[in-house]
$ cat data-v2.cif   # mmCIF, C-alpha atoms
data_coords
loop_
_atom_site.group_PDB
_atom_site.id
_atom_site.type_symbol
_atom_site.label_atom_id
_atom_site.label_comp_id
_atom_site.auth_asym_id
_atom_site.auth_seq_id
_atom_site.Cartn_x
_atom_site.Cartn_y
_atom_site.Cartn_z
ATOM 1 C CA MET A 933 -23.266 27.545 -73.146
ATOM 2 C CA TYR A 934 -20.251 25.501 -74.256
ATOM 3 C CA SER A 935 -18.402 28.065 -76.419
ATOM 4 C CA ALA A 936 -16.175 29.161 -73.527
ATOM 5 C CA ARG A 937 -15.736 25.567 -72.395
ATOM 6 C CA GLU A 938 -14.639 24.443 -75.849
ATOM 7 C CA ALA A 939 -12.117 27.272 -75.980
ATOM 8 C CA VAL A 940 -10.599 25.861 -72.801
ATOM 9 C CA LEU A 941 -10.772 22.385 -74.329
ATOM 10 C CA GLN A 942 -8.755 23.458 -77.351
ATOM 11 C CA GLU A 943 -6.035 24.818 -75.108
ATOM 12 C CA VAL A 944 -5.907 21.560 -73.162
ATOM 13 C CA GLN A 945 -5.793 19.461 -76.327
ATOM 14 C CA LYS A 946 -2.728 21.273 -77.619
ATOM 15 C CA SER A 947 -0.643 19.387 -75.082
ATOM 16 C CA GLY A 948 -2.520 16.131 -75.683
ATOM 17 C CA PHE A 949 -4.709 13.994 -73.436
ATOM 18 C CA PRO A 950 -2.725 11.931 -70.914
ATOM 19 C CA LYS A 951 -1.911 8.371 -72.001
ATOM 20 C CA PHE A 952 -3.856 5.493 -70.473
ATOM 21 C CA ASN A 953 -1.816 2.615 -69.036
ATOM 22 C CA ARG A 954 -2.345 -1.025 -68.137
ATOM 23 C CA PHE A 955 -2.402 -1.890 -64.463
ATOM 24 C CA THR A 956 0.893 -3.361 -63.273
ATOM 25 C CA LEU A 957 2.089 -4.325 -59.830
ATOM 26 C CA LYS A 958 4.451 -1.343 -59.964
ATOM 27 C CA ASP A 959 1.393 0.945 -60.103
ATOM 28 C CA GLN A 960 -0.133 -0.476 -56.939
ATOM 29 C CA GLY A 961 1.483 1.959 -54.520
ATOM 30 C CA LEU A 962 0.353 5.073 -56.388
ATOM 31 C CA ILE A 963 -3.175 3.814 -57.012
ATOM 32 C CA GLN A 964 -3.532 2.566 -53.440
ATOM 33 C CA THR A 965 -2.614 6.042 -52.205
ATOM 34 C CA TYR A 966 -5.672 7.434 -54.014
ATOM 35 C CA ILE A 967 -7.849 4.637 -52.621
ATOM 36 C CA ASP A 968 -6.599 5.158 -49.070
ATOM 37 C CA THR A 969 -6.984 8.930 -49.281
ATOM 38 C CA PHE A 970 -10.426 9.169 -50.869
ATOM 39 C CA LYS A 971 -11.912 5.872 -49.584
ATOM 40 C CA PRO A 972 -14.341 4.877 -52.348
ATOM 41 C CA ALA A 973 -17.142 2.593 -51.188
ATOM 42 C CA SER A 974 -17.267 0.610 -54.426
ATOM 43 C CA CYS A 975 -15.317 -2.615 -54.793
ATOM 44 C CA GLU A 976 -14.649 -1.626 -58.407
ATOM 45 C CA TYR A 977 -11.825 0.623 -57.213
ATOM 46 C CA ASN A 978 -10.129 -2.213 -55.322
ATOM 47 C CA PHE A 979 -6.666 -2.543 -56.889
ATOM 48 C CA SER A 980 -6.741 -6.327 -56.822
ATOM 49 C CA ASN A 981 -10.022 -6.266 -58.749
ATOM 50 C CA LEU A 982 -8.677 -3.739 -61.246
ATOM 51 C CA PHE A 983 -5.579 -5.847 -61.815
ATOM 52 C CA ALA A 984 -7.385 -9.193 -62.065
ATOM 53 C CA TRP A 985 -10.240 -8.021 -64.307
ATOM 54 C CA GLN A 986 -8.330 -5.642 -66.583
ATOM 55 C CA ASN A 987 -8.151 -8.114 -69.467
ATOM 56 C CA ALA A 988 -11.873 -8.894 -69.343
ATOM 57 C CA SER A 989 -12.956 -5.247 -69.192
ATOM 58 C CA LYS A 990 -9.959 -3.827 -71.052
ATOM 59 C CA MET A 991 -9.395 -1.371 -68.240
ATOM 60 C CA SER A 992 -6.618 1.186 -68.102
ATOM 61 C CA TRP A 993 -5.748 4.213 -66.002
ATOM 62 C CA THR A 994 -4.175 7.649 -66.080
ATOM 63 C CA LEU A 995 -3.915 10.764 -63.945
ATOM 64 C CA TYR A 996 -5.952 13.800 -64.959
ATOM 65 C CA ASN A 997 -5.834 17.043 -63.002
ATOM 66 C CA GLN A 998 -4.553 15.179 -59.941
ATOM 67 C CA ARG A 999 -7.393 12.640 -60.090
ATOM 68 C CA LEU A 1000 -7.181 8.934 -60.821
ATOM 69 C CA LEU A 1001 -9.102 8.214 -64.027
ATOM 70 C CA ILE A 1002 -9.985 4.616 -64.955
ATOM 71 C CA TYR A 1003 -11.391 3.740 -68.380
ATOM 72 C CA ASP A 1004 -13.432 0.603 -69.088
ATOM 73 C CA GLU A 1005 -13.256 -0.047 -72.832
ATOM 74 C CA ILE A 1006 -15.827 -2.845 -72.813
ATOM 75 C CA SER A 1007 -18.469 -0.772 -71.007
ATOM 76 C CA GLN A 1008 -17.239 2.302 -72.888
ATOM 77 C CA CYS A 1009 -17.137 4.622 -69.921
ATOM 78 C CA SER A 1010 -14.830 5.924 -67.220
ATOM 79 C CA PHE A 1011 -15.217 5.381 -63.513
ATOM 80 C CA MET A 1012 -15.962 8.576 -61.659
ATOM 81 C CA PRO A 1013 -12.537 10.190 -61.143
ATOM 82 C CA LEU A 1014 -11.006 9.354 -57.788
ATOM 83 C CA GLY A 1015 -9.865 12.509 -56.025
ATOM 84 C CA GLU A 1016 -11.422 15.784 -54.989
ATOM 85 C CA ASP A 1017 -14.922 16.007 -56.482
ATOM 86 C CA PHE A 1018 -15.106 17.680 -59.869
ATOM 87 C CA TYR A 1019 -17.688 20.416 -60.187
ATOM 88 C CA PRO A 1020 -20.194 19.415 -62.899
ATOM 89 C CA GLU A 1021 -18.867 21.927 -65.434
ATOM 90 C CA ASP A 1022 -15.333 20.600 -64.915
ATOM 91 C CA LEU A 1023 -16.535 17.026 -65.303
ATOM 92 C CA ALA A 1024 -18.210 18.118 -68.549
ATOM 93 C CA ILE A 1025 -14.899 19.544 -69.764
ATOM 94 C CA LEU A 1026 -13.304 16.178 -68.999
ATOM 95 C CA SER A 1027 -16.037 14.478 -71.061
ATOM 96 C CA LEU A 1028 -15.274 16.802 -73.971
ATOM 97 C CA ASN A 1029 -11.580 16.020 -73.616
ATOM 98 C CA MET A 1030 -12.333 12.297 -73.568
ATOM 99 C CA LYS A 1031 -14.488 12.566 -76.673
ATOM 100 C CA ASN A 1032 -11.879 14.553 -78.592
ATOM 101 C CA ALA A 1033 -9.233 12.019 -77.597
ATOM 102 C CA GLY A 1034 -11.324 9.161 -79.051
ATOM 103 C CA PHE A 1035 -12.874 7.832 -75.830
ATOM 104 C CA GLU A 1036 -16.505 7.648 -74.759
ATOM 105 C CA PRO A 1037 -17.450 10.664 -72.585
ATOM 106 C CA ASN A 1038 -19.688 8.864 -70.042
ATOM 107 C CA PHE A 1039 -19.071 7.920 -66.417
ATOM 108 C CA SER A 1040 -20.089 5.026 -64.176
ATOM 109 C CA LEU A 1041 -20.036 4.645 -60.375
ATOM 110 C CA ALA A 1042 -21.442 8.069 -59.594
ATOM 111 C CA THR A 1043 -22.754 8.036 -56.035
ATOM 112 C CA LEU A 1044 -26.035 9.325 -54.670
ATOM 113 C CA ASP A 1045 -24.041 11.637 -52.403
ATOM 114 C CA TYR A 1046 -22.384 13.211 -55.438
ATOM 115 C CA LEU A 1047 -25.721 13.692 -57.187
ATOM 116 C CA LYS A 1048 -27.189 15.346 -54.088
ATOM 117 C CA LYS A 1049 -24.135 17.545 -53.650
ATOM 118 C CA PHE A 1050 -24.235 18.737 -57.265
ATOM 119 C CA PRO A 1051 -27.855 18.733 -58.504
ATOM 120 C CA GLU A 1052 -26.765 20.847 -61.490
ATOM 121 C CA ILE A 1053 -25.103 17.724 -62.887
ATOM 122 C CA LYS A 1054 -28.409 17.253 -64.744
ATOM 123 C CA ASN A 1055 -27.446 20.208 -66.921
ATOM 124 C CA TYR A 1056 -24.702 18.120 -68.496
ATOM 125 C CA TYR A 1057 -25.627 14.463 -68.098
ATOM 126 C CA GLN A 1058 -28.550 12.081 -68.170
ATOM 127 C CA ILE A 1059 -28.596 10.098 -64.935
ATOM 128 C CA LYS A 1060 -29.289 6.357 -64.945
ATOM 129 C CA GLU A 1061 -29.655 4.184 -61.848
ATOM 130 C CA GLU A 1062 -27.754 0.874 -62.217
ATOM 131 C CA ARG A 1063 -29.539 -1.631 -59.936
ATOM 132 C CA ASP A 1064 -27.782 -4.624 -61.536
ATOM 133 C CA TYR A 1065 -24.456 -3.221 -60.340
ATOM 134 C CA ALA A 1066 -25.545 -2.451 -56.793
ATOM 135 C CA GLU A 1067 -23.085 -3.785 -54.229
ATOM 136 C CA TYR A 1068 -24.352 -5.783 -51.253
ATOM 137 C CA ILE A 1069 -23.094 -4.685 -47.839
ATOM 138 C CA TYR A 1070 -23.511 -7.020 -44.856
ATOM 139 C CA ASP A 1071 -22.896 -6.705 -41.155
ATOM 140 C CA VAL A 1072 -20.089 -9.151 -40.414
ATOM 141 C CA GLU A 1073 -21.572 -10.148 -37.040
ATOM 142 C CA SER A 1074 -24.875 -11.016 -38.698
ATOM 143 C CA LEU A 1075 -23.125 -13.381 -41.127
ATOM 144 C CA CYS A 1076 -21.283 -14.983 -38.220
ATOM 145 C CA GLU A 1077 -24.330 -15.627 -36.050
ATOM 146 C CA LEU A 1078 -27.057 -16.127 -38.688
ATOM 147 C CA THR A 1079 -29.739 -15.328 -36.155
ATOM 148 C CA GLY A 1080 -33.371 -14.710 -37.010
ATOM 149 C CA ILE A 1081 -36.117 -16.620 -38.779
ATOM 150 C CA LYS A 1082 -35.065 -15.577 -42.281
ATOM 151 C CA LEU A 1083 -31.583 -17.045 -41.830
ATOM 152 C CA HIS A 1084 -32.847 -20.270 -40.233
ATOM 153 C CA LYS A 1085 -32.391 -22.220 -43.469
ATOM 154 C CA LYS A 1086 -28.724 -21.181 -43.680
ATOM 155 C CA ARG A 1087 -28.108 -22.505 -40.179
ATOM 156 C CA ASN A 1088 -29.857 -25.767 -41.016
ATOM 157 C CA LEU A 1089 -27.756 -26.277 -44.145
ATOM 158 C CA ILE A 1090 -24.553 -25.669 -42.191
ATOM 159 C CA SER A 1091 -25.653 -28.092 -39.480
ATOM 160 C CA GLN A 1092 -26.512 -30.672 -42.112
ATOM 161 C CA PHE A 1093 -23.073 -30.341 -43.708
ATOM 162 C CA LYS A 1094 -21.320 -30.721 -40.346
ATOM 163 C CA ARG A 1095 -23.331 -33.828 -39.485
ATOM 164 C CA THR A 1096 -22.745 -35.413 -42.879
ATOM 165 C CA TYR A 1097 -19.057 -34.533 -43.129
ATOM 166 C CA PRO A 1098 -17.700 -34.354 -39.559
ATOM 167 C CA GLY A 1099 -14.107 -34.584 -40.828
ATOM 168 C CA PHE A 1100 -14.180 -31.219 -42.613
ATOM 169 C CA LYS A 1101 -11.387 -28.735 -42.028
ATOM 170 C CA VAL A 1102 -10.980 -25.011 -42.692
ATOM 171 C CA TYR A 1103 -7.554 -23.665 -43.617
ATOM 172 C CA LEU A 1104 -6.019 -20.458 -44.856
ATOM 173 C CA LEU A 1105 -5.748 -20.415 -48.629
ATOM 174 C CA ASN A 1106 -1.983 -20.733 -49.055
ATOM 175 C CA GLU A 1107 0.341 -22.315 -51.628
ATOM 176 C CA ASP A 1108 -0.677 -25.792 -50.501
ATOM 177 C CA PHE A 1109 -4.274 -25.210 -51.645
ATOM 178 C CA LYS A 1110 -4.091 -22.791 -54.594
ATOM 179 C CA ASP A 1111 -3.984 -25.459 -57.302
ATOM 180 C CA LYS A 1112 -6.857 -27.411 -55.734
ATOM 181 C CA ALA A 1113 -8.979 -24.291 -55.253
ATOM 182 C CA GLN A 1114 -8.351 -23.230 -58.831
ATOM 183 C CA GLY A 1115 -9.198 -26.756 -59.932
ATOM 184 C CA LEU A 1116 -12.531 -26.508 -58.122
ATOM 185 C CA ALA A 1117 -13.298 -23.224 -59.907
ATOM 186 C CA GLN A 1118 -12.455 -24.849 -63.235
ATOM 187 C CA LYS A 1119 -14.588 -27.905 -62.435
ATOM 188 C CA ILE A 1120 -17.580 -25.697 -61.602
ATOM 189 C CA MET A 1121 -17.071 -23.749 -64.820
ATOM 190 C CA LYS A 1122 -16.991 -26.897 -66.963
ATOM 191 C CA ARG A 1123 -20.169 -28.300 -65.373
ATOM 192 C CA ARG A 1124 -22.422 -25.507 -66.600
ATOM 193 C CA LYS A 1125 -24.884 -26.419 -69.308
ATOM 194 C CA LYS A 1126 -24.386 -23.278 -71.385
ATOM 195 C CA SER A 1127 -21.224 -21.373 -72.131
ATOM 196 C CA SER A 1128 -20.893 -18.082 -70.285
ATOM 197 C CA LYS A 1129 -18.453 -15.373 -71.252
ATOM 198 C CA THR A 1130 -18.824 -13.808 -67.804
ATOM 199 C CA LEU A 1131 -17.830 -17.044 -66.029
ATOM 200 C CA ASP A 1132 -14.936 -17.562 -68.443
ATOM 201 C CA GLN A 1133 -13.721 -14.085 -67.589
ATOM 202 C CA GLU A 1134 -14.195 -14.764 -63.889
ATOM 203 C CA PHE A 1135 -12.014 -17.870 -64.111
ATOM 204 C CA ASP A 1136 -9.318 -15.821 -65.843
ATOM 205 C CA ALA A 1137 -9.583 -13.252 -63.023
ATOM 206 C CA ILE A 1138 -9.287 -16.037 -60.415
ATOM 207 C CA LYS A 1139 -6.178 -17.404 -62.125
ATOM 208 C CA THR A 1140 -4.599 -13.933 -62.300
ATOM 209 C CA SER A 1141 -5.428 -13.375 -58.630
ATOM 210 C CA PHE A 1142 -3.888 -16.700 -57.577
ATOM 211 C CA ASP A 1143 -0.769 -16.049 -59.657
ATOM 212 C CA ASN A 1144 -0.264 -12.728 -57.840
ATOM 213 C CA PHE A 1145 -1.917 -13.576 -54.535
ATOM 214 C CA ASP A 1146 0.564 -12.175 -52.041
ATOM 215 C CA GLN A 1147 1.538 -9.142 -54.114
ATOM 216 C CA LEU A 1148 -2.121 -8.122 -54.371
ATOM 217 C CA GLY A 1149 -2.640 -8.419 -50.624
ATOM 218 C CA LEU A 1150 -5.218 -11.163 -51.001
ATOM 219 C CA GLU A 1151 -6.322 -13.580 -48.305
ATOM 220 C CA GLY A 1152 -8.567 -16.611 -48.445
ATOM 221 C CA LEU A 1153 -9.994 -19.695 -46.814
ATOM 222 C CA VAL A 1154 -10.553 -23.245 -48.043
ATOM 223 C CA LEU A 1155 -13.061 -25.803 -46.817
ATOM 224 C CA THR A 1156 -11.619 -29.295 -47.204
ATOM 225 C CA LEU A 1157 -12.738 -32.900 -46.963
ATOM 226 C CA GLU A 1158 -9.817 -35.326 -46.766
ATOM 227 C CA ASN A 1159 -7.561 -34.149 -49.624
ATOM 228 C CA SER A 1160 -10.194 -32.246 -51.584
ATOM 229 C CA VAL A 1161 -11.158 -28.557 -51.563
ATOM 230 C CA VAL A 1162 -14.952 -28.333 -51.643
ATOM 231 C CA ALA A 1163 -15.247 -24.558 -51.177
ATOM 232 C CA PHE A 1164 -13.048 -21.486 -51.012
ATOM 233 C CA SER A 1165 -13.229 -17.729 -50.601
ATOM 234 C CA VAL A 1166 -10.853 -14.918 -51.581
ATOM 235 C CA PHE A 1167 -10.998 -11.474 -50.022
ATOM 236 C CA SER A 1168 -9.035 -8.294 -49.354
ATOM 237 C CA LYS A 1169 -9.323 -5.092 -47.371
ATOM 238 C CA LEU A 1170 -11.365 -2.434 -49.167
ATOM 239 C CA LYS A 1171 -11.145 0.258 -46.500
ATOM 240 C CA HIS A 1172 -10.782 0.464 -42.726
ATOM 241 C CA SER A 1173 -14.267 -0.838 -41.911
ATOM 242 C CA THR A 1174 -14.903 -3.090 -44.916
ATOM 243 C CA TYR A 1175 -13.492 -6.194 -46.588
ATOM 244 C CA ASP A 1176 -14.324 -7.137 -50.177
ATOM 245 C CA ILE A 1177 -15.306 -10.765 -50.844
ATOM 246 C CA GLN A 1178 -13.981 -11.126 -54.377
ATOM 247 C CA PHE A 1179 -14.485 -14.808 -55.089
ATOM 248 C CA GLU A 1180 -16.469 -17.537 -53.372
ATOM 249 C CA LYS A 1181 -16.957 -20.979 -54.863
ATOM 250 C CA SER A 1182 -18.394 -24.230 -53.553
ATOM 251 C CA ASN A 1183 -18.916 -27.687 -54.974
ATOM 252 C CA PRO A 1184 -22.707 -28.131 -55.414
ATOM 253 C CA ASP A 1185 -22.326 -31.849 -54.695
ATOM 254 C CA PHE A 1186 -21.745 -30.995 -51.035
ATOM 255 C CA LYS A 1187 -24.925 -29.451 -49.687
ATOM 256 C CA GLY A 1188 -24.224 -26.680 -47.212
ATOM 257 C CA ALA A 1189 -20.613 -26.105 -48.294
ATOM 258 C CA GLY A 1190 -21.443 -22.690 -49.726
ATOM 259 C CA GLN A 1191 -23.209 -21.569 -46.574
ATOM 260 C CA LEU A 1192 -20.382 -22.842 -44.374
ATOM 261 C CA ILE A 1193 -17.560 -21.108 -46.284
ATOM 262 C CA ASN A 1194 -19.650 -17.933 -46.141
ATOM 263 C CA GLN A 1195 -19.957 -18.173 -42.364
ATOM 264 C CA GLU A 1196 -16.331 -19.189 -41.820
ATOM 265 C CA THR A 1197 -15.166 -16.219 -43.880
ATOM 266 C CA ALA A 1198 -17.250 -13.858 -41.751
ATOM 267 C CA ARG A 1199 -15.891 -15.415 -38.559
ATOM 268 C CA TYR A 1200 -12.325 -15.062 -39.792
ATOM 269 C CA LEU A 1201 -12.875 -11.383 -40.611
ATOM 270 C CA LYS A 1202 -15.024 -10.323 -37.651
ATOM 271 C CA ASP A 1203 -12.058 -8.894 -35.743
ATOM 272 C CA LYS A 1204 -10.749 -7.117 -38.827
ATOM 273 C CA CYS A 1205 -13.804 -5.236 -40.052
ATOM 274 C CA LYS A 1206 -17.450 -4.341 -39.416
ATOM 275 C CA TYR A 1207 -18.813 -4.866 -42.909
ATOM 276 C CA LEU A 1208 -18.436 -7.200 -45.866
ATOM 277 C CA ASN A 1209 -18.926 -6.064 -49.451
ATOM 278 C CA ARG A 1210 -20.122 -9.099 -51.375
ATOM 279 C CA GLU A 1211 -20.154 -7.273 -54.688
ATOM 280 C CA GLN A 1212 -22.907 -7.268 -57.338
ATOM 281 C CA ASP A 1213 -25.470 -9.711 -58.705
ATOM 282 C CA LEU A 1214 -25.139 -8.384 -62.306
ATOM 283 C CA GLY A 1215 -28.866 -8.829 -62.787
ATOM 284 C CA ILE A 1216 -28.594 -12.633 -62.542
ATOM 285 C CA LYS A 1217 -31.870 -13.773 -60.965
ATOM 286 C CA GLY A 1218 -30.503 -16.681 -58.924
ATOM 287 C CA LEU A 1219 -27.533 -14.700 -57.694
ATOM 288 C CA ARG A 1220 -29.777 -11.832 -56.654
ATOM 289 C CA GLN A 1221 -32.014 -14.186 -54.691
ATOM 290 C CA ALA A 1222 -28.994 -15.701 -52.968
ATOM 291 C CA LYS A 1223 -27.525 -12.339 -51.984
ATOM 292 C CA MET A 1224 -30.877 -10.983 -50.790
ATOM 293 C CA SER A 1225 -31.490 -14.136 -48.749
ATOM 294 C CA TYR A 1226 -28.608 -13.161 -46.465
ATOM 295 C CA GLU A 1227 -30.385 -9.932 -45.517
ATOM 296 C CA PRO A 1228 -27.908 -7.247 -46.590
ATOM 297 C CA LEU A 1229 -27.540 -4.245 -44.343
ATOM 298 C CA ARG A 1230 -27.765 -1.972 -47.366
ATOM 299 C CA LEU A 1231 -27.130 -1.802 -51.090
ATOM 300 C CA ILE A 1232 -24.764 0.706 -52.658
ATOM 301 C CA THR A 1233 -26.445 1.536 -55.945
ATOM 302 C CA PRO A 1234 -24.281 3.343 -58.498
ATOM 303 C CA TYR A 1235 -25.434 5.751 -61.185
ATOM 304 C CA SER A 1236 -24.232 6.243 -64.725
ATOM 305 C CA LEU A 1237 -23.790 9.722 -66.187
ATOM 306 C CA ILE A 1238 -24.550 9.835 -69.895
ATOM 307 C CA PHE A 1239 -22.989 12.930 -71.408
ATOM 308 C CA ASN A 1240 -25.590 15.147 -73.051
ATOM 309 C CA PRO A 1241 -24.024 18.451 -74.143
ATOM 310 C CA SER A 1242 -27.266 19.500 -75.832
ATOM 311 C CA ASN A 1243 -28.958 19.999 -72.433
#
$ encode --input "data-v2.cif" --output "structure tokens"
Amino acid sequence: MYSAREAVLQEVQKSGFPKFNRFTLKDQGLIQTYIDTFKPASCEYNFSNLFAWQNASKMSWTLYNQRLLIYDEISQCSFMPLGEDFYPEDLAILSLNMKNAGFEPNFSLATLDYLKKFPEIKNYYQIKEERDYAEYIYDVESLCELTGIKLHKKRNLISQFKRTYPGFKVYLLNEDFKDKAQGLAQKIMKRRKKSSKTLDQEFDAIKTSFDNFDQLGLEGLVLTLENSVVAFSVFSKLKHSTYDIQFEKSNPDFKGAGQLINQETARYLKDKCKYLNREQDLGIKGLRQAKMSYEPLRLITPYSLIFNPSN
């Protein structure tokens, strides 16, 4: 089945596989063009996320047959190429190219729509559902109003915070608050009982984001008491209808601060979008419970494609 394909592969390899590059601010325009044109639903394709998390995931990018190809060295897979959909046999040729060039031949972030469109993908890949990496999508109006019995506790916590701390203020996250917000993130990180590589990496991503805040098109809010930041959020536009909430932190000493910054963020964005992508829970039990407690509109569950040329 693959003899003809490998003949094509050998021809391609004569000219070499395209070089992968680090993400730089100079690349933003080109990469954003692909994002704007093909409108991926996943927050993983958000340029500000790619830029901020590239050290943690050792991510790099290249162009292959007019598609944007992103490689995650830590997870040892590529994102599904961003561009016109590859037919399964062409995606398999790409996997062979990747393997011959010294990269892993698997893909993440395959969508259910792609799998339905090309059922013959099973001839080339094993398909694995990735529930831990499902992204939570919320209706922005729902997060503003918090109506319904299930969200009653959120409203109570917000009311309790407002009664206890009537002097609170909400501001845009600008230069005046970046150091304090970053200090809060660092304080939360140091308070944990066990070390966590994921949280260390997240703090590095927060620092990178703050250092390049305006260039990355980021926005944010801070919740303050007197001269202290007790909660903050960072977000950016993912596509026309959706904003991506990339970071949200609150001081656990102030009960209700987390719920209030969540609501204030939704209120700030309600005239800018219909939906909020609050990213994944990574299989963390407490985080999953928290995200589910806000009654997501839907989950975007990605699939991994494990290359299996013996099929």
$ atom_distance --input "data-v2.cif" --atom1 "CA of Lys1223 in chain A" --atom2 "CA of Gln1008 in chain A"
27.5 Å
$ resolve_selection --input "data-v2.cif" --expression "the PyMOL selection byres ((chain A and resi 1031) around 12)" --output "VMD selection string"
chain A and resid 938 941 945 949 1008 to 1010 1024 to 1030 1032 to 1038 1239 to 1241
$ atom_distance --input "data-v2.cif" --atom1 "CA of Leu1075 in chain A" --atom2 "CA of Ala1222 in chain A"
13.4 Å
$ closest_residue --input "data-v2.cif" --among "A:Leu995, A:Ala988, A:Ile1216, A:Ala1163" --to "Leu1104 in chain A" --atoms "only C-alpha atoms"
A:Ala1163
$ resolve_selection --input "data-v2.cif" --expression "the PyMOL selection byres ((chain A and resi 1058-1066) around 8)" --output "number ranges by chain"
A: 1054, 1056-1057, 1067-1068, 1211-1215, 1231-1240
$ resolve_selection --input "data-v2.cif" --expression "the PyMOL selection byres ((chain A and resi 1167) around 6)" --output "list in words"
Leu1150, Glu1151, Gly1152, Val1166, Ser1168, Asp1176, Ile1177 and Gln1178 of chain A
$ atom_distance --input "data-v2.cif" --atom1 "CA of Ser974 in chain A" --atom2 "CA of Glu1073 in chain A"
20.9 Å
$ closest_residue --input "data-v2.cif" --among "A:Glu1158, A:Glu1227, A:Asp1004, A:Asp968" --to "Gly1099 in chain A" --atoms "all atoms listed in the file"
A:Glu1158
$ residues_around --input "data-v2.cif" --residues "range 989-994 of chain A" --least-positions-apart "3" --cutoff "7 Å" --atoms "all atoms listed in the file" --output "count of residues only"
15
$ closest_residue --input "data-v2.cif" --among "A:Ile1053, A:Ile1120, A:Leu1219, A:Leu1041" --to "Leu1023 in chain A" --atoms "all atoms listed in the file"
A:Ile1053
$ decode --input "data-v2.cif" --residues "range 1027-1039 of chain A" --atoms "N, CA and C atoms" --output "CSV table (one decimal), in the first residue's frame"
chain,number,residue,atom,x,y,z
A,1027,SER,N,3.4,12.4,7.7
A,1027,SER,CA,3.9,11.6,8.8
A,1027,SER,C,5.2,10.9,8.4
A,1028,LEU,N,5.2,10.3,7.2
A,1028,LEU,CA,6.5,9.6,6.8
A,1028,LEU,C,7.6,10.6,6.6
A,1029,ASN,N,7.3,11.8,6.1
A,1029,ASN,CA,8.3,12.8,6.0
A,1029,ASN,C,8.8,13.2,7.4
A,1030,MET,N,7.9,13.4,8.3
A,1030,MET,CA,8.3,13.8,9.7
A,1030,MET,C,9.2,12.7,10.3
A,1031,LYS,N,8.8,11.5,10.1
A,1031,LYS,CA,9.6,10.4,10.7
A,1031,LYS,C,11.0,10.3,10.1
A,1032,ASN,N,11.1,10.5,8.8
A,1032,ASN,CA,12.4,10.4,8.1
A,1032,ASN,C,13.3,11.6,8.5
A,1033,ALA,N,12.6,12.7,8.8
A,1033,ALA,CA,13.4,13.9,9.2
A,1033,ALA,C,13.8,13.9,10.7
A,1034,GLY,N,13.4,12.8,11.4
A,1034,GLY,CA,13.8,12.7,12.9
A,1034,GLY,C,12.7,13.2,13.8
A,1035,PHE,N,11.5,13.4,13.4
A,1035,PHE,CA,10.4,13.9,14.2
A,1035,PHE,C,9.4,12.8,14.4
A,1036,GLU,N,8.6,12.9,15.5
A,1036,GLU,CA,7.5,11.9,15.7
A,1036,GLU,C,6.4,12.1,14.7
A,1037,PRO,N,5.8,11.1,14.2
A,1037,PRO,CA,4.8,11.2,13.0
A,1037,PRO,C,3.4,11.4,13.4
A,1038,ASN,N,3.1,11.6,14.7
A,1038,ASN,CA,1.7,11.7,15.2
A,1038,ASN,C,1.2,13.1,15.2
A,1039,PHE,N,-0.1,13.2,15.4
A,1039,PHE,CA,-0.8,14.5,15.4
A,1039,PHE,C,-1.7,14.7,16.5
